[in-house]
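Colleague: What follows is the file start15.txt, containing compact mmCIF, C-alpha atoms:
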# COMPACT_ATOMS: atom_id res chain seq x y z
CA MET A 227 -24.75 -4.75 -34.84
CA SER A 228 -22.93 -2.89 -37.50
CA LYS A 229 -23.69 0.65 -36.41
CA ALA A 230 -21.34 2.37 -34.01
CA PRO A 231 -22.90 3.03 -30.60
CA LYS A 232 -24.34 6.53 -30.46
CA PRO A 233 -24.63 8.23 -27.07
CA ARG A 234 -27.50 10.63 -26.47
CA VAL A 235 -27.96 12.89 -23.47
CA LYS A 236 -30.71 15.21 -22.33
CA SER A 237 -29.38 17.67 -19.79
CA PRO A 238 -30.57 21.19 -18.96
CA LYS A 239 -28.84 24.07 -20.75
CA THR A 240 -29.49 26.43 -17.86
CA ALA A 241 -30.29 25.93 -14.19
CA ALA A 242 -30.39 27.98 -11.01
CA LYS A 243 -27.85 27.43 -8.27
CA GLY A 244 -29.17 25.01 -5.66
CA ASP A 245 -31.55 23.33 -8.08
CA VAL A 246 -31.56 19.58 -8.49
CA VAL A 247 -31.61 18.78 -12.19
CA THR A 248 -32.38 15.50 -13.89
CA ILE A 249 -30.07 14.17 -16.57
CA LYS A 250 -31.24 11.47 -18.97
CA THR A 251 -28.72 9.41 -20.87
CA THR A 252 -28.84 6.56 -23.31
CA ILE A 253 -26.54 4.90 -25.81
CA SER A 254 -27.44 2.70 -28.75
CA HIS A 255 -25.82 -0.62 -27.97
CA GLN A 256 -27.01 -4.19 -28.40
CA MET A 257 -25.84 -5.23 -24.88
CA GLU A 258 -25.17 -8.80 -26.04
CA SER A 259 -25.65 -10.78 -22.84
CA GLY A 260 -23.40 -13.72 -23.73
CA LEU A 261 -26.29 -16.11 -23.05
CA ARG A 262 -27.92 -16.11 -26.46
CA LYS A 263 -27.09 -18.63 -29.15
CA GLY A 264 -26.43 -17.64 -32.74
CA LYS A 265 -27.54 -19.44 -35.91
CA ASP A 266 -24.66 -21.91 -35.58
CA GLY A 267 -25.80 -22.99 -32.12
CA LYS A 268 -22.81 -21.43 -30.44
CA LEU A 269 -23.10 -18.81 -27.75
CA ILE A 270 -22.69 -15.25 -28.99
CA PRO A 271 -19.87 -13.78 -26.89
CA ARG A 272 -20.84 -11.20 -24.30
CA GLN A 273 -20.41 -7.60 -25.31
CA ILE A 274 -22.03 -5.02 -23.09
CA ILE A 275 -21.40 -1.56 -21.77
CA ASN A 276 -19.93 -2.53 -18.41
CA LYS A 277 -19.50 0.89 -16.85
CA PHE A 278 -20.99 4.35 -17.05
CA GLU A 279 -19.61 7.54 -15.55
CA ALA A 280 -21.02 11.05 -15.27
CA LEU A 281 -18.78 14.00 -14.41
CA PHE A 282 -19.35 17.71 -14.07
CA ASN A 283 -16.32 19.98 -14.36
CA GLY A 284 -14.22 16.88 -13.78
CA LYS A 285 -15.99 15.98 -10.53
CA GLN A 286 -17.85 12.71 -10.44
CA ILE A 287 -21.62 12.94 -10.04
CA MET A 288 -22.23 9.21 -10.22
CA SER A 289 -21.03 6.03 -11.84
CA ALA A 290 -22.66 2.70 -12.56
CA THR A 291 -21.48 -0.85 -13.12
CA LEU A 292 -23.75 -2.59 -15.60
CA TYR A 293 -24.38 -6.32 -15.95
CA PRO A 294 -26.03 -8.32 -18.77
CA SER A 295 -29.45 -7.90 -17.10
CA ILE A 296 -29.52 -4.31 -18.34
CA SER A 297 -31.61 -3.81 -21.47
CA ALA A 298 -30.24 -3.06 -24.91
CA ASN A 299 -29.63 0.64 -25.54
CA PRO A 300 -28.99 1.21 -21.82
CA TYR A 301 -30.93 4.14 -20.43
CA ILE A 302 -29.88 5.77 -17.17
CA ASP A 303 -31.49 8.77 -15.59
CA PHE A 304 -30.19 10.48 -12.43
CA ASP A 305 -29.92 13.85 -10.69
CA MET A 306 -27.34 16.47 -9.87
CA LYS A 307 -27.32 19.39 -7.48
CA VAL A 308 -26.34 22.58 -9.32
CA GLU A 309 -23.48 24.54 -7.74
CA GLU A 310 -21.82 26.23 -10.72
CA ALA A 311 -21.86 26.56 -14.46
CA GLY A 312 -19.75 24.14 -16.41
CA GLU A 313 -19.59 21.09 -18.57
CA PHE A 314 -20.95 17.59 -18.20
CA GLU A 315 -18.91 14.68 -19.41
CA PHE A 316 -20.45 11.26 -19.85
CA LYS A 317 -18.45 8.09 -20.49
CA TRP A 318 -19.60 4.64 -21.51
CA PHE A 319 -17.10 1.76 -21.30
CA ASP A 320 -17.58 -1.11 -23.74
CA ASP A 321 -16.48 -4.72 -23.14
CA ASN A 322 -14.33 -4.41 -26.26
CA GLY A 323 -12.26 -1.70 -24.60
CA GLU A 324 -13.83 1.25 -26.40
CA VAL A 325 -14.91 4.30 -24.46
CA TYR A 326 -17.69 6.49 -25.86
CA THR A 327 -17.93 10.01 -24.53
CA LYS A 328 -20.37 12.87 -24.81
CA LYS A 329 -20.14 16.40 -23.43
CA ALA A 330 -22.79 19.01 -22.68
CA LYS A 331 -22.55 22.54 -21.31
CA MET A 332 -24.75 24.09 -18.66
CA GLN A 333 -25.03 27.75 -17.64
CA LEU A 334 -26.36 29.35 -14.49
CA GLU A 335 -29.62 31.23 -14.72
CA GLY A 336 -29.78 34.99 -14.17
CA MET B 981 -13.51 -4.97 -53.31
CA THR B 982 -16.70 -3.40 -52.06
CA GLN B 983 -18.76 -6.22 -53.48
CA THR B 984 -16.94 -8.89 -51.54
CA THR B 985 -17.43 -7.09 -48.26
CA GLU B 986 -21.11 -6.58 -48.96
CA LYS B 987 -21.57 -10.25 -49.73
CA SER B 988 -20.10 -11.29 -46.40
CA GLN B 989 -22.46 -9.03 -44.52
CA VAL B 990 -25.69 -10.40 -43.15
CA SER B 991 -28.80 -8.72 -44.42
CA ARG B 992 -31.05 -6.77 -42.11
CA ARG B 993 -33.75 -9.38 -42.54
CA ASP B 994 -31.36 -12.12 -41.44
CA ILE B 995 -30.45 -10.22 -38.34
CA LEU B 996 -34.10 -9.80 -37.42
CA LYS B 997 -34.67 -13.51 -37.97
CA ILE B 998 -31.76 -14.44 -35.72
CA ALA B 999 -32.92 -12.01 -33.09
CA GLY B 1000 -36.42 -13.46 -33.22
CA VAL B 1001 -35.29 -17.05 -32.93
CA GLY B 1002 -32.91 -16.12 -30.15
CA ALA B 1003 -35.67 -14.40 -28.23
CA VAL B 1004 -37.92 -17.42 -28.50
CA THR B 1005 -35.30 -19.97 -27.49
CA VAL B 1006 -33.97 -18.00 -24.57
CA GLY B 1007 -37.52 -17.23 -23.50
CA ALA B 1008 -38.30 -20.94 -23.46
CA VAL B 1009 -35.17 -21.68 -21.43
CA ALA B 1010 -36.17 -19.04 -18.93
CA LEU B 1011 -39.65 -20.50 -18.57
CA THR B 1012 -38.40 -24.01 -17.89
CA GLY B 1013 -36.34 -22.59 -15.07
CA LYS B 1014 -32.95 -23.50 -16.45
CA ALA B 1015 -30.01 -21.18 -15.92
CA GLN B 1016 -31.91 -19.00 -13.50
CA ALA B 1017 -30.75 -17.40 -10.32
CA LYS B 1018 -32.62 -18.25 -7.16
CA PRO B 1019 -33.66 -15.92 -4.37
CA GLU B 1020 -30.80 -17.45 -2.35
CA ASP B 1021 -28.33 -16.32 -4.99
CA VAL B 1022 -29.48 -12.75 -4.54
CA THR B 1023 -29.15 -13.09 -0.78
CA ALA B 1024 -25.66 -14.51 -1.28
CA TYR B 1025 -24.79 -11.64 -3.59
CA PHE B 1026 -26.02 -9.05 -1.11
CA LYS B 1027 -24.07 -10.83 1.62
CA LYS B 1028 -20.93 -10.63 -0.49
CA VAL B 1029 -21.30 -6.87 -0.95
CA GLY B 1030 -22.11 -6.39 2.73
CA GLY B 1031 -25.81 -5.66 2.57
CA ASP B 1032 -27.21 -8.87 4.02
CA ALA B 1033 -28.30 -7.31 7.31
CA ALA B 1034 -30.05 -4.44 5.60
CA ASN B 1035 -32.96 -2.69 7.28
CA ALA B 1036 -36.11 -2.98 5.17
CA SER B 1037 -36.91 0.72 4.90
CA LYS B 1038 -35.97 3.92 3.07
CA VAL B 1039 -35.50 2.19 -0.29
CA THR B 1040 -38.33 2.31 -2.84
CA VAL B 1041 -38.12 0.14 -5.93
CA ASP B 1042 -40.66 1.35 -8.45
CA GLY B 1043 -41.66 -0.32 -11.67
CA PRO B 1044 -44.70 -1.62 -13.50
CA GLU B 1045 -46.97 -4.16 -11.75
CA ILE B 1046 -47.07 -6.14 -14.98
CA ALA B 1047 -44.40 -5.90 -17.64
CA GLU B 1048 -45.75 -6.96 -21.00
CA ASN B 1049 -42.30 -7.26 -22.47
CA GLY B 1050 -39.45 -8.39 -20.24
CA ASN B 1051 -36.84 -6.94 -22.57
CA THR B 1052 -37.06 -3.38 -21.30
CA VAL B 1053 -38.67 -2.87 -17.94
CA PRO B 1054 -38.25 0.63 -16.49
CA ILE B 1055 -37.21 0.58 -12.84
CA GLU B 1056 -36.77 3.59 -10.58
CA ILE B 1057 -35.00 3.39 -7.25
CA THR B 1058 -35.36 6.14 -4.69
CA VAL B 1059 -33.63 6.22 -1.33
CA ASP B 1060 -34.80 8.54 1.41
CA SER B 1061 -31.59 10.46 2.07
CA PRO B 1062 -30.62 14.15 2.28
CA GLN B 1063 -27.59 13.33 0.09
CA THR B 1064 -25.30 15.84 1.83
CA GLU B 1065 -21.56 15.59 2.55
CA ASN B 1066 -22.22 13.99 5.94
CA ASP B 1067 -25.15 11.79 5.11
CA TYR B 1068 -25.48 10.29 1.67
CA VAL B 1069 -26.15 7.09 -0.20
CA LYS B 1070 -22.83 5.78 -1.44
CA THR B 1071 -23.88 2.71 -3.37
CA ILE B 1072 -27.10 1.15 -4.63
CA PHE B 1073 -26.90 -2.54 -5.52
CA VAL B 1074 -29.70 -3.94 -7.67
CA ALA B 1075 -30.32 -7.65 -8.12
CA ALA B 1076 -33.01 -9.81 -9.71
CA GLU B 1077 -34.18 -13.14 -8.30
CA GLY B 1078 -35.18 -14.84 -11.55
CA ASN B 1079 -32.58 -13.81 -14.11
CA PRO B 1080 -29.65 -16.01 -15.19
CA THR B 1081 -27.34 -13.91 -13.03
CA PRO B 1082 -28.44 -12.03 -9.92
CA GLU B 1083 -26.49 -8.81 -10.54
CA VAL B 1084 -28.33 -6.11 -12.48
CA VAL B 1085 -26.55 -2.84 -11.87
CA THR B 1086 -24.57 -1.06 -9.16
CA PHE B 1087 -24.74 2.71 -8.80
CA ASN B 1088 -22.12 4.76 -7.01
CA LEU B 1089 -23.61 8.06 -5.96
CA THR B 1090 -21.95 11.15 -4.51
CA PRO B 1091 -23.17 14.17 -2.51
CA ASN B 1092 -23.16 15.99 -5.89
CA SER B 1093 -26.20 13.93 -6.84
CA GLY B 1094 -28.51 16.11 -4.74
CA VAL B 1095 -31.03 13.32 -4.27
CA ALA B 1096 -30.62 9.56 -4.22
CA ARG B 1097 -32.70 8.54 -7.20
CA VAL B 1098 -31.81 6.53 -10.30
CA LYS B 1099 -33.83 5.17 -13.17
CA PHE B 1100 -32.84 2.53 -15.71
CA ARG B 1101 -34.26 -0.21 -17.92
CA MET B 1102 -33.62 -3.87 -17.32
CA ARG B 1103 -34.37 -7.31 -18.70
CA LEU B 1104 -36.58 -9.66 -16.73
CA ALA B 1105 -36.54 -13.34 -17.70
CA ALA B 1106 -39.71 -14.18 -15.78
CA THR B 1107 -42.02 -12.92 -13.05
CA GLN B 1108 -39.75 -12.15 -10.14
CA LYS B 1109 -38.69 -9.80 -7.40
CA VAL B 1110 -36.27 -6.98 -8.11
CA ARG B 1111 -34.34 -6.12 -4.97
CA ALA B 1112 -32.12 -3.21 -4.07
CA VAL B 1113 -29.72 -2.52 -1.21
CA ALA B 1114 -28.57 1.02 -0.47
CA MET B 1115 -25.33 1.52 1.44
CA MET B 1116 -24.92 4.84 3.22
CA ASN B 1117 -21.61 6.64 3.67
CA ASP B 1118 -21.48 5.44 7.30
CA GLY B 1119 -21.83 1.82 6.19
CA SER B 1120 -25.44 1.27 7.27
CA THR B 1121 -27.63 -0.53 4.75
CA PHE B 1122 -31.28 -0.38 3.77
CA THR B 1123 -33.25 -2.53 1.40
CA GLY B 1124 -36.41 -2.57 -0.68
CA ASP B 1125 -37.94 -4.74 -3.37
CA LYS B 1126 -40.73 -5.02 -5.88
CA GLU B 1127 -42.38 -8.03 -7.47
CA ILE B 1128 -42.92 -7.59 -11.20
CA LYS B 1129 -45.08 -9.89 -13.29
CA VAL B 1130 -43.69 -10.61 -16.72
CA THR B 1131 -45.83 -11.71 -19.64
CA ILE B 1132 -43.05 -12.35 -22.17
CA GLY B 1133 -39.60 -13.10 -20.80
CA GLY B 1134 -36.70 -10.80 -21.58
CA CYS B 1135 -34.16 -12.22 -23.91
CA GLY B 1136 -31.20 -13.73 -22.10
CA GLY B 1137 -31.97 -11.97 -18.84
The structure in this file should be written as structure tokens.
Modeller:
Amino acid sequence: MSKAPKPRVKSPKTAAKGDVVTIKTTISHQMESGLRKGKDGKLIPRQIINKFEALFNGKQIMSATLYPSISANPYIDFDMKVEEAGEFEFKWFDDNGEVYTKKAKMQLEG
Amino acid sequence: MTQTTEKSQVSRRDILKIAGVGAVTVGAVALTGKAQAKPEDVTAYFKKVGGDAANASKVTVDGPEIAENGNTVPIEITVDSPQTENDYVKTIFVAAEGNPTPEVVTFNLTPNSGVARVKFRMRLAATQKVRAVAMMNDGSTFTGDKEIKVTIGGCGG
């Protein structure tokens, strides 16, 4: 795939303290499993997003270790309990050593 | 300069062709049962991570009864837990019984999560059981599974 992976995140802009909010994330990535064969009959080397991390104000909400069984354009959706306003930071780690990041701000209601 | 680089690139149509052929071949391999994990492999994997003696409760694996396309099957895992500082799900291990490798994804949750629920999309090579083990902060483990029928196998599992 020639295009650079593009992360996309849907997180609430505002939330009330104590709420549990859902955050949806995805990144465009071919997630090459390393099990497919190319035109030349040779295996295409594995290249997947192997790790995902979600932080809020530097504190970890969750992280995930991904394996080749995860679909292309990996989609992950999870929750967070709202304590304060701040900034989300999402990180995707590629097999090729690249790290893709995306940030999103959230404010408290009222 | 630009022309040479463009020549070396594969056209979009070529890529689609390769992808199509790949999907068919890998699908066929999956159907013949080659290079597939067995239920025992999943059990061995769960044993390795410490979830072999898991209690079959609290964990709900949700997904479609029948997946028309095994390439992207949405799966949601919910664990019955208050997810507080003293009582929370630390890790959720997900494994598939009929894919080339048993491991699918491992989630590390924190009390900041609020609830123990995750959703993702996975490849399924064939009709099989998707199993999950949840490890609590005190080390106790719970398990759940769901059998999903697959019409067209997911490429490369």
Colleague: I need the contact residues of chain B against chain A, so if you could list those with any atom within 8 Å, counting all atoms listed in the file, and return them as number ranges by chain, that would help.
Modeller: B: 998, 1002, 1006, 1051-1053, 1079, 1081, 1083-1104, 1135-1137
Colleague: Can you measure atom CA of B:Lys1028 to atom CA of B:Met1115 for me? One decimal in Å is fine.
Modeller: 13.1 Å
Colleague: Kindly give the distance, in Å, that separates atom CA of B:Asp1042 and atom CA of A:Pro233, rounded to a single decimal.
Modeller: 25.5 Å
Colleague: Find the residues around B:Thr1131 up to 12 Å (all atoms listed in the file counted), leave out those fewer than 6 positions away in its own chain, and share them as number ranges by chain.
Modeller: B: 1007, 1011, 1044-1051, 1053, 1104-1108
Colleague: Can you write out the residues you just picked, keeping C-alpha atoms, as a short mmCIF file (atom, residue, chain, number, x, y, z; two decimals), in the coordinates of the input?
Modeller:
data_model
loop_
_atom_site.label_atom_id
_atom_site.label_comp_id
_atom_site.auth_asym_id
_atom_site.auth_seq_id
_atom_site.Cartn_x
_atom_site.Cartn_y
_atom_site.Cartn_z
CA GLY B 1007 -37.52 -17.23 -23.50
CA LEU B 1011 -39.65 -20.50 -18.57
CA PRO B 1044 -44.70 -1.62 -13.50
CA GLU B 1045 -46.97 -4.16 -11.75
CA ILE B 1046 -47.07 -6.14 -14.98
CA ALA B 1047 -44.40 -5.90 -17.64
CA GLU B 1048 -45.75 -6.96 -21.00
CA ASN B 1049 -42.30 -7.26 -22.47
CA GLY B 1050 -39.45 -8.39 -20.24
CA ASN B 1051 -36.84 -6.94 -22.57
CA VAL B 1053 -38.67 -2.87 -17.94
CA LEU B 1104 -36.58 -9.66 -16.73
CA ALA B 1105 -36.54 -13.34 -17.70
CA ALA B 1106 -39.71 -14.18 -15.78
CA THR B 1107 -42.02 -12.92 -13.05
CA GLN B 1108 -39.75 -12.15 -10.14
#
Colleague: What does the distance between atom CA of B:Asn1066 and atom CA of B:Asp1032 come to in Å, to one decimal place?
Modeller: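 Between atom CA of B:Asn1066 and atom CA of B:Asp1032 the gap is 23.5 Å.
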Colleague: Set the distance at 10 Å and use only C-alpha atoms: which residues neighbour B:Asp1060 once local chain neighbours fewer than 4 positions away are removed? I'd like the list as a VMD selection string.
Modeller: chain B and resid 1037 to 1040 1068 to 1069 1095 to 1097 1114 1122
Colleague: For a quick check of understanding, using all atoms listed in the file, which of B:Asp1021, B:Asp1125, B:Glu1056, B:Glu1065 has the smallest distance to B:Val1113?
Modeller: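 Counting all atoms listed in the file, the residue closest to B:Val1113 is B:Asp1125.
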Colleague: May I ask which of the residues A:Gln256, A:Asn283, A:Thr240, A:Gln333 is the closest one to A:Phe314, counting all atoms listed in the file?
Modeller: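 Between A:Gln256, A:Asn283, A:Thr240, A:Gln333, the residue approaching A:Phe314 most closely is A:Asn283.
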Colleague: Could you check the closest approach to B:Glu1020 for each of B:Asn1035, B:Lys1070, B:Glu1077, B:Pro1054 and tell me which residue wins, using all atoms listed in the file?
Modeller: B:Glu1077
Colleague: Report as a list in words all protein, DNA and RNA residues lying within 6 Å of B:Arg1111, evaluated on all atoms listed in the file, omitting residues in the same chain fewer than 6 positions from it.
Modeller: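 Neighbouring residues, sequence-local ones excluded: Val1074, Ala1075, Gly1124 and Asp1125 of chain B.
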Colleague: Taking all atoms listed in the file into account, which of B:Ala1036, B:Val1059, B:Ala1017, B:Asp1067 comes nearest B:Asp1118?
Modeller: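 Looking at the shortest contact to B:Asp1118, the residue is B:Asp1067.
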